[in-house]
Amino acid sequence: MKSIIVSMIAAAGLMVAGSVMAEAMPELAKKAGCTACHSVDKKVVGPAWADVGKAYNSNGATTTGKKVADILAENNAKSAKEWLVQKVAKGGKGNWGTAAMIPNAPKVSEADIATLVDFVLSHK
């Protein structure tokens with residue numbers, strides 16, 4: 001009996017650990033259609049949001065080798081958040097490969113875009 005209880009506790013612990021490791025896409029991203037091109041942890045058509053967050057938090061480089069600081073300077077953006085909100089709203093291409101991101105405003109509100117960008121930037 002004791003071994004069954006220990007096994008059940010171990011299995012429950014593994015399930016909790018697995019759910020923490022596999023982060024879910026926010027409902028807002030699903031509703032806005034972001035999941036057609038993005039995933040949290042792997043490249044789909046667009047970059048993985050975790051990769052974007054890591055690059056913009058560390059002032060690293062995008063997959064094209066372009067430094068984040070240079071991207072911000074070229075676009076007169078004071079912060080990564082300001083630039084990413086603008087990029088998501090207007091769309092464009094060039095920083096993460098050849099696929100162009102479609103414009104999302106006005107279909108998605110600026111407040112919702114800012115919420116999604118906060119989620120992306122939460123990945124360090």
# chains A, B, ... in the order shown; residues from 1 in each chain; ligands from 1

call {"tool": "residues_around", "arguments": {"residues": "Ala80 of chain A", "least_positions_apart": "6", "cutoff": "8 Å", "atoms": "only C-alpha atoms", "output": "list in words"}}
result
Tyr56, Asn57 and Leu72 of chain A

call {"tool": "write_last_selection", "arguments": {"atoms": "all heavy atoms", "output": "PDB file, in the first residue's frame"}}
result
ATOM      1  N   TYR A  56      15.485  40.080 -27.313  1.00  0.00           N
ATOM      2  CA  TYR A  56      15.180  41.464 -26.955  1.00  0.00           C
ATOM      3  C   TYR A  56      15.499  41.784 -25.500  1.00  0.00           C
ATOM      4  O   TYR A  56      15.779  42.932 -25.166  1.00  0.00           O
ATOM      5  CB  TYR A  56      13.730  41.812 -27.300  1.00  0.00           C
ATOM      6  CG  TYR A  56      13.587  42.164 -28.756  1.00  0.00           C
ATOM      7  CD1 TYR A  56      13.324  41.183 -29.707  1.00  0.00           C
ATOM      8  CD2 TYR A  56      13.749  43.471 -29.204  1.00  0.00           C
ATOM      9  CE1 TYR A  56      13.221  41.499 -31.053  1.00  0.00           C
ATOM     10  CE2 TYR A  56      13.645  43.796 -30.544  1.00  0.00           C
ATOM     11  CZ  TYR A  56      13.386  42.804 -31.467  1.00  0.00           C
ATOM     12  OH  TYR A  56      13.301  43.120 -32.801  1.00  0.00           O
ATOM     13  N   ASN A  57      15.498  40.798 -24.622  1.00  0.00           N
ATOM     14  CA  ASN A  57      15.868  41.032 -23.224  1.00  0.00           C
ATOM     15  C   ASN A  57      17.373  41.102 -23.026  1.00  0.00           C
ATOM     16  O   ASN A  57      17.848  41.742 -22.101  1.00  0.00           O
ATOM     17  CB  ASN A  57      15.281  39.949 -22.320  1.00  0.00           C
ATOM     18  CG  ASN A  57      13.829  40.192 -22.019  1.00  0.00           C
ATOM     19  OD1 ASN A  57      13.458  41.256 -21.560  1.00  0.00           O
ATOM     20  ND2 ASN A  57      12.988  39.208 -22.303  1.00  0.00           N
ATOM     21  N   LEU A  72      16.313  48.780 -32.848  1.00  0.00           N
ATOM     22  CA  LEU A  72      15.641  49.842 -32.098  1.00  0.00           C
ATOM     23  C   LEU A  72      16.073  51.211 -32.611  1.00  0.00           C
ATOM     24  O   LEU A  72      15.239  52.098 -32.808  1.00  0.00           O
ATOM     25  CB  LEU A  72      15.922  49.709 -30.604  1.00  0.00           C
ATOM     26  CG  LEU A  72      15.426  48.423 -29.935  1.00  0.00           C
ATOM     27  CD1 LEU A  72      15.794  48.430 -28.453  1.00  0.00           C
ATOM     28  CD2 LEU A  72      13.939  48.230 -30.110  1.00  0.00           C
TER      29      LEU A  72
END

call {"tool": "residues_around", "arguments": {"residues": "Ser39 of chain A", "least_positions_apart": "6", "cutoff": "9 Å", "atoms": "only C-alpha atoms", "output": "mmCIF file with N, CA and C atoms, in the first residue's frame"}}
result
data_model
loop_
_atom_site.group_PDB
_atom_site.id
_atom_site.type_symbol
_atom_site.label_atom_id
_atom_site.label_comp_id
_atom_site.auth_asym_id
_atom_site.auth_seq_id
_atom_site.Cartn_x
_atom_site.Cartn_y
_atom_site.Cartn_z
ATOM 1 N N MET A 25 0.176 28.712 -24.746
ATOM 2 C CA MET A 25 -0.024 29.947 -25.487
ATOM 3 C C MET A 25 -1.196 30.685 -24.843
ATOM 4 N N GLY A 46 6.733 32.079 -38.228
ATOM 5 C CA GLY A 46 7.476 33.138 -37.553
ATOM 6 C C GLY A 46 8.306 32.544 -36.436
ATOM 7 N N PRO A 47 9.111 33.377 -35.801
ATOM 8 C CA PRO A 47 10.005 32.877 -34.751
ATOM 9 C C PRO A 47 9.249 32.427 -33.504
ATOM 10 N N ALA A 48 9.899 31.567 -32.726
ATOM 11 C CA ALA A 48 9.365 31.184 -31.419
ATOM 12 C C ALA A 48 9.379 32.410 -30.527
ATOM 13 N N TRP A 49 8.300 32.603 -29.798
ATOM 14 C CA TRP A 49 8.227 33.783 -28.933
ATOM 15 C C TRP A 49 9.303 33.755 -27.856
ATOM 16 N N ALA A 50 9.694 32.584 -27.393
ATOM 17 C CA ALA A 50 10.767 32.496 -26.395
ATOM 18 C C ALA A 50 12.075 33.027 -26.979
#

call {"tool": "closest_residue", "arguments": {"among": "A:Ala24, A:Trp96, A:Lys30, A:Asn104", "to": "Lys43 of chain A", "atoms": "only C-alpha atoms"}}
result
A:Trp96

call {"tool": "select_by_dssp", "arguments": {"residues": "chain A", "states": "strand (DSSP E or B)", "output": "list in words"}}
result
Ala61, Lys67, Gly92 and Met101 of chain A

call {"tool": "closest_residue", "arguments": {"among": "A:Ala55, A:Leu116, A:Ile71, A:Val45", "to": "Ala100 of chain A", "atoms": "only C-alpha atoms"}}
result
A:Val45

call {"tool": "closest_residue", "arguments": {"among": "A:Lys67, A:Lys90, A:Pro106, A:Val120", "to": "Gly53 of chain A", "atoms": "only C-alpha atoms"}}
result
A:Val120

call {"tool": "closest_residue", "arguments": {"among": "A:Pro26, A:Ser58, A:Asp112, A:Asp70", "to": "Ala89 of chain A", "atoms": "only C-alpha atoms"}}
result
A:Asp112

call {"tool": "closest_residue", "arguments": {"among": "A:Lys31, A:Lys81, A:His38, A:Lys93", "to": "Lys107 of chain A", "atoms": "only C-alpha atoms"}}
result
A:Lys31

call {"tool": "residues_around", "arguments": {"residues": "Ala69 of chain A", "least_positions_apart": "5", "cutoff": "10 Å", "atoms": "only C-alpha atoms", "output": "short mmCIF file (atom, residue, chain, number, x, y, z; two decimals) with N, CA and C atoms, in the first residue's frame"}}
result
data_model
loop_
_atom_site.label_atom_id
_atom_site.label_comp_id
_atom_site.auth_asym_id
_atom_site.auth_seq_id
_atom_site.Cartn_x
_atom_site.Cartn_y
_atom_site.Cartn_z
N TYR A 56 15.48 40.08 -27.31
CA TYR A 56 15.18 41.46 -26.95
C TYR A 56 15.50 41.78 -25.50
N SER A 58 18.12 40.45 -23.89
CA SER A 58 19.58 40.41 -23.73
C SER A 58 20.28 41.35 -24.70
N ASN A 59 19.51 42.08 -25.50
CA ASN A 59 20.07 42.91 -26.56
C ASN A 59 20.93 42.06 -27.49
N GLY A 60 20.48 40.83 -27.70
CA GLY A 60 21.20 39.89 -28.55
C GLY A 60 20.93 40.14 -30.03
N ALA A 61 21.01 39.09 -30.80
CA ALA A 61 20.82 39.20 -32.23
C ALA A 61 19.61 38.38 -32.65
N GLU A 74 17.30 52.03 -35.60
CA GLU A 74 16.79 52.25 -36.96
C GLU A 74 15.32 52.67 -36.97
N ALA A 77 12.92 53.59 -31.75
CA ALA A 77 12.18 53.02 -30.62
C ALA A 77 13.02 53.16 -29.35
N LYS A 78 12.39 53.57 -28.29
CA LYS A 78 13.09 53.77 -27.02
C LYS A 78 13.25 52.45 -26.25
N SER A 79 12.40 51.49 -26.54
CA SER A 79 12.47 50.22 -25.82
C SER A 79 12.06 49.07 -26.73
N ALA A 80 12.40 47.88 -26.30
CA ALA A 80 11.99 46.69 -27.04
C ALA A 80 10.47 46.60 -27.10
#

call {"tool": "select_by_dssp", "arguments": {"residues": "chain A", "states": "helix (DSSP H, G or I)", "output": "MDAnalysis selection string"}}
result
chainID A and resid 2:21 27:32 34:36 49:58 68:74 80:90 110:121

call {"tool": "closest_residue", "arguments": {"among": "A:Val117, A:Cys34, A:Leu28, A:Lys42", "to": "Ile102 of chain A", "atoms": "only C-alpha atoms"}}
result
A:Cys34
